[in-house]
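Enquirer: Structure: entry20.cif, mmCIF, C-alpha atoms.
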data_final
loop_
_atom_site.group_PDB
_atom_site.id
_atom_site.type_symbol
_atom_site.label_atom_id
_atom_site.label_comp_id
_atom_site.auth_asym_id
_atom_site.auth_seq_id
_atom_site.Cartn_x
_atom_site.Cartn_y
_atom_site.Cartn_z
ATOM 1 C CA MET L 1 20.352 -8.470 13.718
ATOM 2 C CA ALA L 2 18.341 -7.021 16.642
ATOM 3 C CA GLU L 3 21.247 -7.449 19.057
ATOM 4 C CA ALA L 4 23.701 -5.940 16.575
ATOM 5 C CA ASN L 5 21.565 -2.783 16.429
ATOM 6 C CA HIS L 6 20.804 -2.545 20.155
ATOM 7 C CA HIS L 7 22.954 0.599 20.484
ATOM 8 C CA LEU L 8 20.461 2.451 18.214
ATOM 9 C CA VAL L 9 17.250 1.554 20.065
ATOM 10 C CA GLU L 10 15.081 4.161 21.804
ATOM 11 C CA THR L 11 13.112 3.160 24.928
ATOM 12 C CA ARG L 12 9.612 4.463 25.633
ATOM 13 C CA LEU L 13 9.259 6.110 29.052
ATOM 14 C CA SER L 14 5.652 7.350 28.815
ATOM 15 C CA SER L 15 2.888 7.716 26.261
ATOM 16 C CA THR L 16 0.088 10.269 25.871
ATOM 17 C CA GLU L 17 -2.826 9.830 23.493
ATOM 18 C CA LEU L 18 -3.341 13.034 21.486
ATOM 19 C CA LEU L 19 -6.203 12.050 19.200
ATOM 20 C CA HIS L 20 -8.436 9.053 18.674
ATOM 21 C CA GLY L 21 -10.404 9.943 15.563
ATOM 22 C CA HIS L 22 -12.352 7.879 13.073
ATOM 23 C CA PHE L 23 -9.150 7.021 11.206
ATOM 24 C CA LEU L 24 -6.163 8.554 12.974
ATOM 25 C CA HIS L 25 -4.834 7.540 16.394
ATOM 26 C CA ALA L 26 -2.034 9.906 17.425
ATOM 27 C CA PHE L 27 0.389 9.690 20.351
ATOM 28 C CA ARG L 28 3.184 11.703 21.961
ATOM 29 C CA ASP L 29 5.772 9.510 23.688
ATOM 30 C CA ALA L 30 8.715 10.433 25.867
ATOM 31 C CA VAL L 31 11.713 8.236 25.038
ATOM 32 C CA ARG L 32 15.214 7.565 26.279
ATOM 33 C CA LEU L 33 17.776 7.857 23.490
ATOM 34 C CA PRO L 34 20.764 5.500 23.123
ATOM 35 C CA ASP L 35 23.031 8.072 24.820
ATOM 36 C CA GLY L 36 20.702 8.312 27.865
ATOM 37 C CA THR L 37 19.162 11.701 27.025
ATOM 38 C CA HIS L 38 15.421 12.126 26.542
ATOM 39 C CA ALA L 39 13.342 13.170 23.540
ATOM 40 C CA ILE L 40 9.724 13.407 22.372
ATOM 41 C CA ARG L 41 8.302 11.251 19.545
ATOM 42 C CA GLU L 42 4.916 12.035 17.995
ATOM 43 C CA PHE L 43 3.410 9.393 15.735
ATOM 44 C CA ILE L 44 0.251 7.871 14.320
ATOM 45 C CA ARG L 45 -0.790 4.303 15.027
ATOM 46 C CA HIS L 46 -2.176 2.700 11.842
ATOM 47 C CA PRO L 47 -3.865 -0.715 11.421
ATOM 48 C CA GLY L 48 -1.956 -1.590 8.240
ATOM 49 C CA ALA L 49 -3.098 -1.924 4.656
ATOM 50 C CA ALA L 50 -2.864 -3.953 1.471
ATOM 51 C CA MET L 51 -1.947 -2.733 -2.018
ATOM 52 C CA ILE L 52 -2.698 -4.648 -5.174
ATOM 53 C CA ILE L 53 -0.829 -4.653 -8.493
ATOM 54 C CA PRO L 54 -3.521 -6.057 -10.820
ATOM 55 C CA LEU L 55 -2.241 -7.508 -14.102
ATOM 56 C CA MET L 56 -4.389 -7.931 -17.196
ATOM 57 C CA ALA L 57 -4.052 -8.257 -20.968
ATOM 58 C CA ASP L 58 -5.743 -5.940 -23.445
ATOM 59 C CA GLU L 59 -7.513 -7.089 -26.609
ATOM 60 C CA LYS L 60 -4.128 -7.383 -28.378
ATOM 61 C CA GLY L 61 -2.634 -9.463 -25.574
ATOM 62 C CA GLN L 62 -0.456 -6.605 -24.308
ATOM 63 C CA LEU L 63 0.173 -6.561 -20.543
ATOM 64 C CA ARG L 64 -1.496 -3.752 -18.645
ATOM 65 C CA VAL L 65 -1.894 -2.860 -14.971
ATOM 66 C CA VAL L 66 -5.007 -1.499 -13.306
ATOM 67 C CA LEU L 67 -4.636 1.900 -11.625
ATOM 68 C CA GLU L 68 -6.828 4.518 -10.012
ATOM 69 C CA LYS L 69 -7.104 8.284 -10.002
ATOM 70 C CA GLN L 70 -8.291 9.722 -6.710
ATOM 71 C CA PHE L 71 -8.312 13.191 -5.147
ATOM 72 C CA ARG L 72 -6.266 13.158 -1.953
ATOM 73 C CA TYR L 73 -7.330 16.006 0.297
ATOM 74 C CA PRO L 74 -4.130 16.451 2.373
ATOM 75 C CA VAL L 75 -2.025 17.145 -0.740
ATOM 76 C CA GLY L 76 -4.861 18.819 -2.650
ATOM 77 C CA GLN L 77 -4.469 16.915 -5.904
ATOM 78 C CA VAL L 78 -5.624 13.946 -7.920
ATOM 79 C CA MET L 79 -3.112 11.110 -7.539
ATOM 80 C CA ILE L 80 -2.444 8.022 -9.654
ATOM 81 C CA GLU L 81 -2.244 4.950 -7.438
ATOM 82 C CA PHE L 82 -2.438 1.188 -7.362
ATOM 83 C CA PRO L 83 -5.621 -0.010 -5.600
ATOM 84 C CA ALA L 84 -5.152 -0.203 -1.832
ATOM 85 C CA GLY L 85 -6.992 -0.002 1.437
ATOM 86 C CA LYS L 86 -6.601 -0.368 5.184
ATOM 87 C CA LEU L 87 -7.164 -3.508 7.157
ATOM 88 C CA ASP L 88 -10.317 -3.922 9.186
ATOM 89 C CA ALA L 89 -9.786 -5.044 12.783
ATOM 90 C CA GLY L 90 -8.590 -8.659 12.811
ATOM 91 C CA GLU L 91 -8.774 -8.971 9.023
ATOM 92 C CA ASP L 92 -6.423 -11.269 7.098
ATOM 93 C CA VAL L 93 -4.252 -9.264 4.688
ATOM 94 C CA LEU L 94 -5.120 -11.334 1.591
ATOM 95 C CA LYS L 95 -8.806 -11.012 2.448
ATOM 96 C CA CYS L 96 -8.284 -7.240 2.667
ATOM 97 C CA ALA L 97 -6.516 -7.190 -0.713
ATOM 98 C CA ARG L 98 -9.318 -9.178 -2.361
ATOM 99 C CA ARG L 99 -11.979 -6.957 -0.777
ATOM 100 C CA GLU L 100 -10.270 -3.706 -1.751
ATOM 101 C CA LEU L 101 -9.688 -4.836 -5.353
ATOM 102 C CA LEU L 102 -13.371 -5.661 -5.731
ATOM 103 C CA GLU L 103 -14.682 -2.593 -3.915
ATOM 104 C CA GLU L 104 -12.462 -0.066 -5.683
ATOM 105 C CA THR L 105 -12.151 -1.514 -9.196
ATOM 106 C CA GLY L 106 -14.942 -4.067 -9.600
ATOM 107 C CA TYR L 107 -12.366 -6.739 -10.455
ATOM 108 C CA GLN L 108 -11.864 -10.097 -8.816
ATOM 109 C CA ALA L 109 -8.710 -12.128 -9.460
ATOM 110 C CA LYS L 110 -8.187 -15.869 -9.901
ATOM 111 C CA GLU L 111 -4.506 -15.835 -8.893
ATOM 112 C CA TRP L 112 -2.696 -13.983 -6.129
ATOM 113 C CA ALA L 113 0.943 -13.635 -5.056
ATOM 114 C CA ARG L 114 2.334 -11.821 -2.032
ATOM 115 C CA ALA L 115 5.309 -9.670 -3.001
ATOM 116 C CA GLY L 116 6.418 -8.115 0.284
ATOM 117 C CA VAL L 117 5.814 -5.287 2.714
ATOM 118 C CA LEU L 118 6.641 -1.595 2.807
ATOM 119 C CA HIS L 119 6.608 1.059 5.527
ATOM 120 C CA PRO L 120 5.640 4.289 3.742
ATOM 121 C CA VAL L 121 6.149 6.869 6.513
ATOM 122 C CA ILE L 122 8.506 5.435 9.141
ATOM 123 C CA SER L 123 9.255 8.790 10.755
ATOM 124 C CA TYR L 124 5.705 9.354 12.045
ATOM 125 C CA SER L 125 3.501 6.288 11.548
ATOM 126 C CA THR L 126 3.337 2.564 12.322
ATOM 127 C CA GLU L 127 1.680 2.001 8.945
ATOM 128 C CA TYR L 128 2.768 -0.983 6.884
ATOM 129 C CA ILE L 129 1.402 -2.005 3.487
ATOM 130 C CA GLU L 130 1.545 -5.553 2.156
ATOM 131 C CA VAL L 131 2.108 -5.664 -1.602
ATOM 132 C CA TRP L 132 0.105 -8.236 -3.582
ATOM 133 C CA PHE L 133 0.003 -9.074 -7.274
ATOM 134 C CA ALA L 134 -3.252 -10.273 -8.850
ATOM 135 C CA ARG L 135 -3.961 -11.764 -12.271
ATOM 136 C CA GLY L 136 -6.742 -13.609 -14.064
ATOM 137 C CA LEU L 137 -9.011 -10.622 -13.536
ATOM 138 C CA VAL L 138 -12.776 -10.959 -13.857
ATOM 139 C CA GLY L 139 -14.713 -7.708 -14.246
ATOM 140 C CA GLY L 140 -17.708 -6.711 -12.181
ATOM 141 C CA GLN L 141 -19.247 -3.774 -10.343
ATOM 142 C CA GLN L 142 -17.402 -1.406 -8.021
ATOM 143 C CA LYS L 143 -18.617 -1.255 -4.428
ATOM 144 C CA LEU L 144 -17.225 2.099 -3.346
ATOM 145 C CA ASP L 145 -17.651 3.335 0.214
ATOM 146 C CA ALA L 146 -19.938 6.301 0.810
ATOM 147 C CA GLY L 147 -18.009 9.461 -0.008
ATOM 148 C CA GLU L 148 -15.390 7.585 -2.072
ATOM 149 C CA PHE L 149 -14.834 8.821 -5.625
ATOM 150 C CA LEU L 150 -12.217 7.382 -7.930
ATOM 151 C CA GLU L 151 -11.613 6.592 -11.591
ATOM 152 C CA VAL L 152 -10.260 3.196 -12.654
ATOM 153 C CA PHE L 153 -8.077 2.855 -15.747
ATOM 154 C CA SER L 154 -5.243 0.715 -17.085
ATOM 155 C CA ALA L 155 -1.773 1.466 -18.415
ATOM 156 C CA THR L 156 1.204 -0.440 -19.745
ATOM 157 C CA PRO L 157 4.134 -1.082 -17.417
ATOM 158 C CA ASP L 158 6.241 1.240 -19.604
ATOM 159 C CA GLU L 159 3.706 4.045 -19.089
ATOM 160 C CA VAL L 160 3.775 3.478 -15.336
ATOM 161 C CA MET L 161 7.569 3.635 -15.253
ATOM 162 C CA ALA L 162 7.580 6.811 -17.373
ATOM 163 C CA TRP L 163 5.098 8.449 -14.983
ATOM 164 C CA CYS L 164 7.306 7.495 -12.036
ATOM 165 C CA PHE L 165 10.288 9.078 -13.785
ATOM 166 C CA ASP L 166 8.590 12.333 -14.822
ATOM 167 C CA GLY L 167 6.796 12.967 -11.515
ATOM 168 C CA THR L 168 3.274 12.142 -12.660
ATOM 169 C CA ILE L 169 3.250 9.374 -10.041
ATOM 170 C CA THR L 170 4.563 10.507 -6.656
ATOM 171 C CA ASP L 171 2.563 8.281 -4.271
ATOM 172 C CA ALA L 172 5.101 6.310 -2.200
ATOM 173 C CA LYS L 173 3.282 2.971 -2.260
ATOM 174 C CA THR L 174 2.734 3.180 -6.015
ATOM 175 C CA LEU L 175 6.398 4.032 -6.614
ATOM 176 C CA THR L 176 7.332 0.981 -4.539
ATOM 177 C CA GLY L 177 4.794 -1.105 -6.454
ATOM 178 C CA ALA L 178 6.377 0.038 -9.721
ATOM 179 C CA LEU L 179 9.768 -1.156 -8.451
ATOM 180 C CA TRP L 180 8.266 -4.556 -7.671
ATOM 181 C CA LEU L 181 6.525 -4.661 -11.057
ATOM 182 C CA GLN L 182 9.716 -3.804 -12.933
ATOM 183 C CA ASN L 183 11.727 -6.524 -11.189
ATOM 184 C CA VAL L 184 9.004 -9.174 -11.476
ATOM 185 C CA LEU L 185 8.619 -8.532 -15.215
ATOM 186 C CA ALA L 186 12.410 -8.666 -15.631
ATOM 187 C CA GLY L 187 12.442 -12.087 -13.930
ATOM 188 C CA LYS L 188 14.653 -10.829 -11.092
ATOM 189 C CA TRP L 189 12.069 -11.108 -8.313
ATOM 190 C CA LEU L 190 10.015 -14.313 -8.395
ATOM 191 C CA LEU L 191 6.475 -14.629 -7.107
ATOM 192 C CA ASP L 192 4.715 -17.658 -5.615
ATOM 193 C CA TRP L 193 1.302 -17.579 -7.275
ATOM 194 C CA GLN L 194 -1.702 -19.277 -5.693
ATOM 195 C CA ILE L 195 -5.064 -19.955 -7.292
ATOM 196 C CA ILE L 196 -7.956 -18.417 -5.376
ATOM 197 C CA GLU L 197 -11.188 -18.567 -7.318
ATOM 198 C CA PRO L 198 -13.375 -15.457 -7.057
#
Can the structure from this file be put into structure tokens for me?
Expert:
Amino acid sequence: MAEANHHLVETRLSSTELLHGHFLHAFRDAVRLPDGTHAIREFIRHPGAAMIIPLMADEKGQLRVVLEKQFRYPVGQVMIEFPAGKLDAGEDVLKCARRELLEETGYQAKEWARAGVLHPVISYSTEYIEVWFARGLVGGQQKLDAGEFLEVFSATPDEVMAWCFDGTITDAKTLTGALWLQNVLAGKWLLDWQIIEP
């Protein structure tokens, strides 16, 4: 596959660090294009993240998923999202998923399944997000970071899909998570569940 696409590859010639902030690490690279001409590429280096699709049953046994509402400053609005968070340096992705689920929602899960990976902003960031499903939820206390404010709630898969359709949900990772959820529930995409006691 890599060799078949070699004629599309850009080659880095030089790299300049633009910003090394608390969270963002931005660069401006000079590159050689496939036709031999040169161009500039500006991008953000990101450590990666994990997103969790937590499954639970309500008191009537109906399937629900755990979601969050959080104000996102860059877009200036409260967004509906699946729980997620960035990897700490050297952190295993499943460990990150378990930590973020507990910190943001207060839930721990007895079973986990890795679904896949997504690249949410390929035009300007190295960010990747591993998608995990969790079930067998056990409630507890949130452990939010200082300055982190969010509201946890649950919805049916049908509600999630309706919100994706009508524009209530526009977050890229959550839209991708909804696609995974839809196909898993339809039996089209199978998951390999593993038991991991809280």
Enquirer: For Lys110 of chain L, which residue among L:Leu181, L:Ala146, L:Leu137, L:Val75 is the nearest when counting only C-alpha atoms?
Expert: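 Checking each of L:Leu181, L:Ala146, L:Leu137, L:Val75 against Lys110 of chain L, counting only C-alpha atoms, the winner is L:Leu137.
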Enquirer: Sorted by chain and rising residue number, which residues of segment 120-162 of chain L lie within 12 Å of segment 77-87 of chain L, and what are their closest atom pairs and distances in Å to one decimal, counting all atoms listed in the file, as CSV?
Expert:
residue,atom,partner,partner_atom,distance
L:Glu127,CA,L:Lys86,CA,9.4
L:Tyr128,CA,L:Lys86,CA,9.5
L:Ile129,CA,L:Lys86,CA,8.3
L:Glu130,CA,L:Ala84,CA,9.5
L:Val131,CA,L:Ala84,CA,9.1
L:Trp132,CA,L:Ala84,CA,9.8
L:Phe133,CA,L:Phe82,CA,10.5
L:Ala134,CA,L:Pro83,CA,11.0
L:Leu144,CA,L:Gly85,CA,11.5
L:Asp145,CA,L:Gly85,CA,11.2
L:Glu148,CA,L:Gly85,CA,11.8
L:Phe149,CA,L:Val78,CA,10.8
L:Leu150,CA,L:Val78,CA,9.3
L:Glu151,CA,L:Ile80,CA,9.5
L:Val152,CA,L:Pro83,CA,9.0
L:Phe153,CA,L:Ile80,CA,9.8
L:Ser154,CA,L:Phe82,CA,10.1
L:Ala155,CA,L:Ile80,CA,11.0
L:Glu159,CA,L:Ile80,CA,11.9
L:Val160,CA,L:Ile80,CA,9.6
Enquirer: Run the PyMOL selection byres ((chain L and resi 93) around 12) against the file shown and list the residues it catches, as a count of residues only.
Expert: 32
Enquirer: If the PyMOL selection byres ((chain L and resi 25-32) around 12) is run on the structure shown, which residues does it catch, given as a ChimeraX atom specification?
Expert: /L:7-24,33-47,124-127
Enquirer: Please define a box with edges along x, y and z of the file around all atoms of segment 158-176 of chain L given in the file, extend it by 4 Å on each side, and return its centre and edge lengths in Å to one decimal, as lines of an AutoDock Vina configuration file.
Expert:
center_x = 6.4
center_y = 7.0
center_z = -10.9
size_x = 15.7
size_y = 20.0
size_z = 25.4
Enquirer: Out of L:Asp192, L:Ile53, L:Gln62, L:Gln142, which residue has the shortest atom-to-atom distance to Trp180 of chain L when counting all atoms listed in the file?
Expert: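 So, comparing all the options, the nearest one is L:Ile53.
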Enquirer: Considering only C-alpha atoms, can you say which of L:Leu101, L:Ala115, L:Ala4, L:Val65 comes closest to Leu190 of chain L?
Expert: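 When distances to Leu190 of chain L are compared using only C-alpha atoms, the smallest one comes from L:Ala115.
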